[in-house]
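> Quick one, data-v8.cif (mmCIF, C-alpha atoms):
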data_my_file
#
loop_
_atom_site.label_atom_id
_atom_site.label_comp_id
_atom_site.auth_asym_id
_atom_site.auth_seq_id
_atom_site.Cartn_x
_atom_site.Cartn_y
_atom_site.Cartn_z
CA ALA A 198 0.00 0.00 0.00
CA LYS A 199 2.84 2.38 0.85
CA ASP A 200 4.58 1.62 -2.42
CA MET A 201 1.39 2.15 -4.41
CA LEU A 202 0.88 5.52 -2.74
CA PHE A 203 4.45 6.54 -3.49
CA PHE A 204 4.67 5.14 -7.03
CA THR A 205 1.33 6.68 -8.03
CA SER A 206 2.15 10.07 -6.48
CA GLN A 207 2.65 13.13 -8.65
CA GLU A 208 6.38 12.90 -7.93
CA CYS A 209 6.67 9.42 -9.50
CA LYS A 210 3.53 8.75 -11.53
CA TYR A 211 4.81 5.29 -12.45
CA PHE A 212 1.22 4.08 -12.70
CA ASP A 213 -1.95 5.60 -14.11
CA LEU A 214 -5.04 5.07 -11.98
CA ASN A 215 -8.53 4.31 -13.15
CA PRO A 216 -10.74 7.15 -11.83
CA SER A 217 -13.04 4.56 -10.22
CA ILE A 218 -10.48 3.81 -7.47
CA VAL A 219 -9.49 7.34 -6.47
CA THR A 220 -11.12 10.14 -4.54
CA GLY A 221 -10.74 13.86 -4.86
CA SER A 222 -8.55 15.83 -2.50
CA SER A 223 -10.26 17.93 0.14
CA ILE A 224 -8.05 20.93 -0.62
CA MET A 225 -6.38 20.36 -4.01
CA PRO A 226 -8.98 20.19 -6.80
CA HIS A 227 -6.63 18.57 -9.33
CA LYS A 228 -5.30 15.86 -7.00
CA LYS A 229 -6.61 12.31 -6.97
CA ASN A 230 -6.00 10.18 -3.88
CA LEU A 231 -5.62 6.42 -3.67
CA ASP A 232 -7.43 6.40 -0.33
CA VAL A 233 -7.97 2.64 -0.30
CA CYS A 234 -4.22 2.16 0.13
CA GLU A 235 -4.18 4.59 3.04
CA VAL A 236 -6.99 2.58 4.66
CA ILE A 237 -5.12 -0.69 4.04
CA MET A 238 -2.07 0.77 5.79
CA GLY A 239 -4.27 1.58 8.79
CA GLN A 240 -5.83 -1.86 8.72
CA ALA A 241 -2.36 -3.42 8.71
CA GLN A 242 -1.63 -1.60 11.97
CA ILE A 243 -4.77 -3.08 13.49
CA VAL A 244 -3.59 -6.58 12.46
CA TYR A 245 -0.21 -5.88 14.10
CA GLY A 246 -2.10 -4.87 17.23
CA GLN A 247 -4.14 -8.09 17.14
CA GLU A 248 -0.89 -10.03 16.88
CA LEU A 249 0.39 -8.37 20.05
CA VAL A 250 -2.85 -9.16 21.87
CA ILE A 251 -2.51 -12.83 20.92
CA LYS A 252 1.15 -12.96 21.94
CA HIS A 253 0.60 -11.33 25.30
CA LEU A 254 -2.57 -13.13 26.35
CA ASN A 255 -0.64 -16.23 27.30
CA GLU A 256 2.26 -14.54 29.08
CA GLY A 257 2.85 -15.70 32.60
CA ILE A 258 0.21 -18.42 32.64
CA VAL A 259 0.55 -20.81 35.52
CA SER A 260 0.53 -24.45 34.47
CA GLY A 261 -3.01 -25.75 34.24
CA TYR A 262 -4.61 -22.28 34.24
CA ASN A 263 -5.18 -21.40 30.60
CA ARG A 264 -8.79 -20.23 30.40
CA GLN A 265 -7.71 -16.87 28.97
CA SER A 266 -6.53 -18.69 25.83
CA GLN A 267 -10.14 -18.68 24.62
CA ILE A 268 -9.88 -14.90 24.29
CA ILE A 269 -7.41 -15.37 21.43
CA LYS A 270 -10.20 -16.33 19.02
CA LYS A 271 -11.63 -12.80 18.67
CA PRO A 272 -8.42 -10.95 17.67
CA LEU A 273 -7.35 -13.88 15.51
CA MET A 274 -10.62 -13.96 13.55
CA GLU A 275 -10.69 -10.15 13.27
CA GLY A 276 -7.13 -10.22 11.90
CA PHE A 277 -8.01 -12.90 9.33
CA ASP A 278 -11.09 -10.93 8.30
CA ILE A 279 -9.06 -7.74 7.78
CA VAL A 280 -6.39 -9.57 5.76
CA LEU A 281 -8.90 -11.34 3.50
CA LYS A 282 -10.87 -8.14 2.84
CA SER A 283 -7.65 -6.21 2.22
CA LEU A 284 -6.54 -8.81 -0.33
CA GLU A 285 -9.83 -8.32 -2.17
CA VAL A 286 -9.28 -4.56 -2.21
CA VAL A 287 -5.69 -4.96 -3.39
CA GLY A 288 -7.00 -7.12 -6.24
CA VAL A 289 -9.34 -4.32 -7.31
CA VAL A 290 -6.51 -1.78 -7.10
CA LEU A 291 -4.17 -3.93 -9.19
CA GLU A 292 -6.87 -4.42 -11.83
CA ASN A 293 -7.21 -0.64 -12.08
CA VAL A 294 -3.63 0.53 -12.36
CA THR A 295 -1.65 0.69 -15.57
CA PRO A 296 2.13 1.09 -15.71
CA ASN A 297 3.09 4.42 -17.22
CA LYS A 298 6.04 3.11 -19.22
CA LYS A 299 6.98 6.55 -20.52
CA ASN A 300 7.38 8.00 -17.01
CA ILE A 301 9.19 4.90 -15.76
CA LEU A 302 11.72 4.99 -18.61
CA GLU A 303 12.22 8.75 -18.29
CA LYS A 304 13.17 8.37 -14.65
CA LEU A 305 15.61 5.52 -15.19
CA ASN A 306 19.15 6.77 -15.29
CA PRO A 307 22.51 5.05 -15.64
CA GLU A 308 23.29 5.55 -11.95
CA ILE A 309 20.89 2.82 -10.81
CA PHE A 310 22.72 0.30 -13.02
CA MET A 311 26.24 1.03 -11.78
CA ALA A 312 26.57 -2.01 -9.51
CA ASP A 313 25.50 -4.16 -12.47
CA TYR A 314 28.00 -2.38 -14.69
CA ALA A 315 30.80 -3.01 -12.17
CA ASN A 316 29.79 -6.68 -11.99
CA GLU A 317 29.83 -6.89 -15.81
CA LEU A 318 33.39 -5.50 -15.82
CA VAL A 319 34.45 -8.14 -13.29
CA LYS A 320 32.79 -10.94 -15.24
CA ASN A 321 33.67 -9.87 -18.80
CA GLU A 322 36.94 -8.00 -18.33
CA GLY A 323 38.39 -9.99 -15.43
CA MET A 324 38.83 -6.86 -13.33
CA THR A 325 38.88 -6.90 -9.58
CA PHE A 326 35.67 -5.53 -8.14
CA ARG A 327 37.60 -2.62 -6.62
CA ASP A 328 38.91 -1.57 -10.06
CA ALA A 329 35.52 -2.19 -11.70
CA TYR A 330 33.83 -0.12 -8.99
CA LYS A 331 36.24 2.76 -9.63
CA GLN A 332 35.75 2.58 -13.41
CA ALA A 333 31.96 2.47 -13.06
CA SER A 334 32.12 5.45 -10.72
CA ASP A 335 34.27 7.44 -13.13
CA THR A 336 32.30 6.61 -16.29
CA PHE A 337 28.66 6.28 -15.20
CA SER A 338 27.53 9.26 -17.28
CA GLU A 339 28.83 7.52 -20.41
CA TYR A 340 27.18 4.18 -19.65
CA THR A 341 24.00 3.26 -21.51
CA PRO A 342 22.40 0.16 -20.01
CA ASP A 343 20.42 -2.36 -22.02
CA ILE A 344 17.41 -2.46 -19.69
CA ASP A 345 15.84 -5.60 -21.18
CA LYS A 346 19.13 -7.50 -21.05
CA ASN A 347 19.69 -6.29 -17.49
CA LEU A 348 16.26 -7.50 -16.36
CA GLU A 349 16.79 -10.87 -18.07
CA SER A 350 19.99 -11.32 -16.09
CA LYS A 351 18.08 -11.09 -12.81
CA VAL A 352 17.12 -14.67 -12.11
CA SER A 353 16.91 -14.80 -8.31
CA PHE A 354 13.37 -15.07 -6.98
CA GLY A 355 12.09 -11.63 -6.02
CA SER A 356 14.52 -9.74 -8.25
CA PRO A 357 13.24 -7.19 -10.80
CA GLY A 358 13.55 -9.77 -13.59
CA ASN A 359 11.90 -12.55 -11.58
CA ILE A 360 9.27 -10.99 -9.35
CA GLY A 361 7.54 -14.35 -9.01
CA TRP A 362 4.05 -13.49 -10.26
CA LYS A 363 3.20 -17.14 -10.88
CA TYR A 364 4.21 -18.10 -7.34
CA TYR A 365 2.05 -15.37 -5.82
CA GLU A 366 -0.89 -16.16 -8.11
CA GLU A 367 -0.79 -19.78 -6.97
CA ARG A 368 -0.62 -18.78 -3.30
CA LEU A 369 -3.53 -16.37 -3.68
CA GLU A 370 -5.60 -19.05 -5.46
CA LYS A 371 -5.16 -21.29 -2.42
CA LEU A 372 -6.58 -18.56 -0.19
CA VAL A 373 -9.73 -18.13 -2.22
#
The structure given in the file should be rewritten as structure tokens.

Amino acid sequence: AKDMLFFTSQECKYFDLNPSIVTGSSIMPHKKNLDVCEVIMGQAQIVYGQELVIKHLNEGIVSGYNRQSQIIKKPLMEGFDIVLKSLEVVGVVLENVTPNKKNILEKLNPEIFMADYANELVKNEGMTFRDAYKQASDTFSEYTPDIDKNLESKVSFGSPGNIGWKYYEERLEKLV
């Protein structure tokens, strides 16, 4: 939710929002707010609070005296309910955002690829990382990354080139 708020802000505008999921600003007529993400952030705090309730309910229980454990059911069920409803809302949000490729590409600059460039120099030129680091630092303004090739090289799960959509889709299907 925090990332969606940031990446859809006027400062980034990495995503375009369907008007059906935004509200108008109370003071800025031109501004559109992704209020549902603000609410989800608040709901997440409630779930964290429920977690603390559950953890602390059983502190200091004397052996054989555990009647208070029955109280765990309410915060546990409320937490599950919040999470399931929030996932539904996130689904609606994701169906109503579109990447703004133009803005994303405009804001990419060679600087964010410098570690990759240094690693390429180590791998392809046989340089030590220290020397590659120095060369990348000195020549970053001249470096033009191949973004598609760079993304393809990211194979670790969770990396920009392998976010793991299929994995998350399968996990979400199990929840439904």
> Go through A:Tyr245, A:Tyr314, A:Tyr364, A:Phe204 one by one, measure the shortest atom-to-atom distance of each to Phe337 in chain A using all atoms listed in the file, and give the residue with the smallest value.
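Once distances to Phe337 in chain A are computed over all atoms listed in the file, the minimum belongs to A:Tyr314.
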> For CA of Ile344 in chain A and CA of Glu366 in chain A, determine how far apart the two atoms are, in Å to one decimal place.
25.6 Å
> What do you get, as a ChimeraX atom specification, if you spell out every residue that the PyMOL selection byres ((chain A and resi 290-296) around 8) selects here?
/A:211-215,218,286-289,297-298
> Interatomic distance between CA of Glu208 in chain A and CA of Asn300 in chain A?
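Atom-to-atom, CA of Glu208 in chain A to CA of Asn300 in chain A, that is 10.4 Å.
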> Spell out the residues picked by the PyMOL selection byres ((chain A and resi 244) around 9) here, as a PDB file with C-alpha atoms, in the frame of the given file.

ATOM      1  CA  GLY A 239      -4.270   1.580   8.790  1.00  0.00           C
ATOM      2  CA  GLN A 240      -5.830  -1.860   8.720  1.00  0.00           C
ATOM      3  CA  ALA A 241      -2.360  -3.420   8.710  1.00  0.00           C
ATOM      4  CA  GLN A 242      -1.630  -1.600  11.970  1.00  0.00           C
ATOM      5  CA  ILE A 243      -4.770  -3.080  13.490  1.00  0.00           C
ATOM      6  CA  TYR A 245      -0.210  -5.880  14.100  1.00  0.00           C
ATOM      7  CA  GLY A 246      -2.100  -4.870  17.230  1.00  0.00           C
ATOM      8  CA  GLN A 247      -4.140  -8.090  17.140  1.00  0.00           C
ATOM      9  CA  GLU A 248      -0.890 -10.030  16.880  1.00  0.00           C
ATOM     10  CA  LEU A 249       0.390  -8.370  20.050  1.00  0.00           C
ATOM     11  CA  PRO A 272      -8.420 -10.950  17.670  1.00  0.00           C
ATOM     12  CA  LEU A 273      -7.350 -13.880  15.510  1.00  0.00           C
ATOM     13  CA  GLU A 275     -10.690 -10.150  13.270  1.00  0.00           C
ATOM     14  CA  GLY A 276      -7.130 -10.220  11.900  1.00  0.00           C
ATOM     15  CA  PHE A 277      -8.010 -12.900   9.330  1.00  0.00           C
ATOM     16  CA  ILE A 279      -9.060  -7.740   7.780  1.00  0.00           C
ATOM     17  CA  VAL A 280      -6.390  -9.570   5.760  1.00  0.00           C
TER      18      VAL A 280
END
> The PyMOL selection byres ((chain A and resi 232) around 10) on the file shown: which residues, as a ChimeraX atom specification?
/A:198,202,218-222,229-231,233-238
> Go ahead and compute the interatomic distance for CA of Val352 in chain A and CA of Leu369 in chain A, in Å to one decimal.
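Separation of CA of Val352 in chain A and CA of Leu369 in chain A: 22.4 Å.
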> Identify, on the basis of only C-alpha atoms, every residue whose closest approach to Glu317 in chain A does not exceed 9 Å; exclude the query and any residue fewer than 5 positions from it along the same chain; express the result as an MDAnalysis selection string.
chainID A and resid 312 322 329
> What's the 12 Å shell around Asp343 in chain A, counting all atoms listed in the file, without same-chain residues fewer than 4 positions away, as an MDAnalysis selection string?
chainID A and resid 302 305:307 310 313:314 347:350
> Just the selected residues (C-alpha atoms), exported as a CSV table (one decimal), in the frame of the given file, please.

chain,number,residue,atom,x,y,z
A,302,LEU,CA,11.7,5.0,-18.6
A,305,LEU,CA,15.6,5.5,-15.2
A,306,ASN,CA,19.2,6.8,-15.3
A,307,PRO,CA,22.5,5.0,-15.6
A,310,PHE,CA,22.7,0.3,-13.0
A,313,ASP,CA,25.5,-4.2,-12.5
A,314,TYR,CA,28.0,-2.4,-14.7
A,347,ASN,CA,19.7,-6.3,-17.5
A,348,LEU,CA,16.3,-7.5,-16.4
A,349,GLU,CA,16.8,-10.9,-18.1
A,350,SER,CA,20.0,-11.3,-16.1
> Please supply range 297-308 of chain A, rebuilt with all heavy atoms, as a PDB file, in the frame of the given file.

ATOM      1  N   ASN A 297       2.846   3.302 -16.330  1.00  0.00           N
ATOM      2  CA  ASN A 297       3.090   4.420 -17.220  1.00  0.00           C
ATOM      3  C   ASN A 297       4.538   4.279 -17.699  1.00  0.00           C
ATOM      4  O   ASN A 297       5.459   4.838 -17.112  1.00  0.00           O
ATOM      5  CB  ASN A 297       2.876   5.744 -16.476  1.00  0.00           C
ATOM      6  CG  ASN A 297       2.964   6.933 -17.395  1.00  0.00           C
ATOM      7  OD1 ASN A 297       3.777   6.953 -18.311  1.00  0.00           O
ATOM      8  ND2 ASN A 297       2.150   7.939 -17.129  1.00  0.00           N
ATOM      9  N   LYS A 298       4.700   3.484 -18.747  1.00  0.00           N
ATOM     10  CA  LYS A 298       6.040   3.110 -19.220  1.00  0.00           C
ATOM     11  C   LYS A 298       6.876   4.341 -19.565  1.00  0.00           C
ATOM     12  O   LYS A 298       8.074   4.379 -19.280  1.00  0.00           O
ATOM     13  CB  LYS A 298       5.921   2.173 -20.420  1.00  0.00           C
ATOM     14  CG  LYS A 298       7.211   1.503 -20.774  1.00  0.00           C
ATOM     15  CD  LYS A 298       7.007   0.404 -21.807  1.00  0.00           C
ATOM     16  CE  LYS A 298       8.333  -0.293 -22.067  1.00  0.00           C
ATOM     17  NZ  LYS A 298       8.202  -1.402 -22.997  1.00  0.00           N
ATOM     18  N   LYS A 299       6.251   5.339 -20.140  1.00  0.00           N
ATOM     19  CA  LYS A 299       6.980   6.550 -20.520  1.00  0.00           C
ATOM     20  C   LYS A 299       7.622   7.199 -19.297  1.00  0.00           C
ATOM     21  O   LYS A 299       8.813   7.521 -19.298  1.00  0.00           O
ATOM     22  CB  LYS A 299       6.033   7.540 -21.212  1.00  0.00           C
ATOM     23  CG  LYS A 299       6.672   8.843 -21.617  1.00  0.00           C
ATOM     24  CD  LYS A 299       5.638   9.764 -22.289  1.00  0.00           C
ATOM     25  CE  LYS A 299       6.206  11.136 -22.511  1.00  0.00           C
ATOM     26  NZ  LYS A 299       5.845  12.085 -21.461  1.00  0.00           N
ATOM     27  N   ASN A 300       6.844   7.383 -18.230  1.00  0.00           N
ATOM     28  CA  ASN A 300       7.380   8.000 -17.010  1.00  0.00           C
ATOM     29  C   ASN A 300       8.441   7.123 -16.354  1.00  0.00           C
ATOM     30  O   ASN A 300       9.433   7.629 -15.832  1.00  0.00           O
ATOM     31  CB  ASN A 300       6.269   8.285 -16.003  1.00  0.00           C
ATOM     32  CG  ASN A 300       5.448   9.500 -16.383  1.00  0.00           C
ATOM     33  OD1 ASN A 300       5.778  10.213 -17.317  1.00  0.00           O
ATOM     34  ND2 ASN A 300       4.382   9.725 -15.664  1.00  0.00           N
ATOM     35  N   ILE A 301       8.218   5.819 -16.361  1.00  0.00           N
ATOM     36  CA  ILE A 301       9.190   4.900 -15.760  1.00  0.00           C
ATOM     37  C   ILE A 301      10.521   5.008 -16.500  1.00  0.00           C
ATOM     38  O   ILE A 301      11.581   5.171 -15.876  1.00  0.00           O
ATOM     39  CB  ILE A 301       8.663   3.450 -15.766  1.00  0.00           C
ATOM     40  CG1 ILE A 301       7.462   3.324 -14.821  1.00  0.00           C
ATOM     41  CG2 ILE A 301       9.772   2.479 -15.387  1.00  0.00           C
ATOM     42  CD1 ILE A 301       6.705   2.010 -14.935  1.00  0.00           C
ATOM     43  N   LEU A 302      10.482   4.936 -17.829  1.00  0.00           N
ATOM     44  CA  LEU A 302      11.720   4.990 -18.610  1.00  0.00           C
ATOM     45  C   LEU A 302      12.402   6.343 -18.514  1.00  0.00           C
ATOM     46  O   LEU A 302      13.636   6.414 -18.489  1.00  0.00           O
ATOM     47  CB  LEU A 302      11.442   4.618 -20.067  1.00  0.00           C
ATOM     48  CG  LEU A 302      11.072   3.160 -20.305  1.00  0.00           C
ATOM     49  CD1 LEU A 302      10.651   2.934 -21.750  1.00  0.00           C
ATOM     50  CD2 LEU A 302      12.209   2.231 -19.902  1.00  0.00           C
ATOM     51  N   GLU A 303      11.625   7.424 -18.428  1.00  0.00           N
ATOM     52  CA  GLU A 303      12.220   8.750 -18.290  1.00  0.00           C
ATOM     53  C   GLU A 303      13.001   8.897 -16.991  1.00  0.00           C
ATOM     54  O   GLU A 303      13.984   9.619 -16.928  1.00  0.00           O
ATOM     55  CB  GLU A 303      11.130   9.833 -18.331  1.00  0.00           C
ATOM     56  CG  GLU A 303      10.657  10.195 -19.706  1.00  0.00           C
ATOM     57  CD  GLU A 303       9.532  11.229 -19.686  1.00  0.00           C
ATOM     58  OE1 GLU A 303       9.168  11.731 -18.601  1.00  0.00           O
ATOM     59  OE2 GLU A 303       9.016  11.523 -20.773  1.00  0.00           O
ATOM     60  N   LYS A 304      12.535   8.207 -15.958  1.00  0.00           N
ATOM     61  CA  LYS A 304      13.170   8.370 -14.650  1.00  0.00           C
ATOM     62  C   LYS A 304      14.304   7.374 -14.403  1.00  0.00           C
ATOM     63  O   LYS A 304      15.020   7.489 -13.424  1.00  0.00           O
ATOM     64  CB  LYS A 304      12.120   8.294 -13.558  1.00  0.00           C
ATOM     65  CG  LYS A 304      11.203   9.513 -13.650  1.00  0.00           C
ATOM     66  CD  LYS A 304      10.140   9.542 -12.621  1.00  0.00           C
ATOM     67  CE  LYS A 304       9.277  10.777 -12.880  1.00  0.00           C
ATOM     68  NZ  LYS A 304       8.205  10.911 -11.973  1.00  0.00           N
ATOM     69  N   LEU A 305      14.465   6.417 -15.305  1.00  0.00           N
ATOM     70  CA  LEU A 305      15.610   5.520 -15.190  1.00  0.00           C
ATOM     71  C   LEU A 305      16.848   6.288 -15.625  1.00  0.00           C
ATOM     72  O   LEU A 305      16.840   7.010 -16.609  1.00  0.00           O
ATOM     73  CB  LEU A 305      15.435   4.302 -16.105  1.00  0.00           C
ATOM     74  CG  LEU A 305      14.437   3.261 -15.670  1.00  0.00           C
ATOM     75  CD1 LEU A 305      14.354   2.150 -16.708  1.00  0.00           C
ATOM     76  CD2 LEU A 305      14.778   2.687 -14.320  1.00  0.00           C
ATOM     77  N   ASN A 306      17.913   6.136 -14.889  1.00  0.00           N
ATOM     78  CA  ASN A 306      19.150   6.770 -15.290  1.00  0.00           C
ATOM     79  C   ASN A 306      20.286   5.779 -15.085  1.00  0.00           C
ATOM     80  O   ASN A 306      20.142   4.811 -14.336  1.00  0.00           O
ATOM     81  CB  ASN A 306      19.379   8.086 -14.542  1.00  0.00           C
ATOM     82  CG  ASN A 306      19.446   7.883 -13.054  1.00  0.00           C
ATOM     83  OD1 ASN A 306      20.232   7.082 -12.569  1.00  0.00           O
ATOM     84  ND2 ASN A 306      18.638   8.614 -12.315  1.00  0.00           N
ATOM     85  N   PRO A 307      21.407   6.009 -15.729  1.00  0.00           N
ATOM     86  CA  PRO A 307      22.510   5.050 -15.640  1.00  0.00           C
ATOM     87  C   PRO A 307      22.965   4.772 -14.203  1.00  0.00           C
ATOM     88  O   PRO A 307      23.472   3.695 -13.915  1.00  0.00           O
ATOM     89  CB  PRO A 307      23.628   5.710 -16.445  1.00  0.00           C
ATOM     90  CG  PRO A 307      22.949   6.637 -17.369  1.00  0.00           C
ATOM     91  CD  PRO A 307      21.719   7.110 -16.645  1.00  0.00           C
ATOM     92  N   GLU A 308      22.806   5.716 -13.319  1.00  0.00           N
ATOM     93  CA  GLU A 308      23.290   5.550 -11.950  1.00  0.00           C
ATOM     94  C   GLU A 308      22.731   4.315 -11.257  1.00  0.00           C
ATOM     95  O   GLU A 308      23.440   3.667 -10.483  1.00  0.00           O
ATOM     96  CB  GLU A 308      22.975   6.794 -11.122  1.00  0.00           C
ATOM     97  CG  GLU A 308      23.729   8.022 -11.593  1.00  0.00           C
ATOM     98  CD  GLU A 308      23.258   9.297 -10.919  1.00  0.00           C
ATOM     99  OE1 GLU A 308      22.560   9.228  -9.892  1.00  0.00           O
ATOM    100  OE2 GLU A 308      23.603  10.369 -11.427  1.00  0.00           O
TER     101      GLU A 308
END
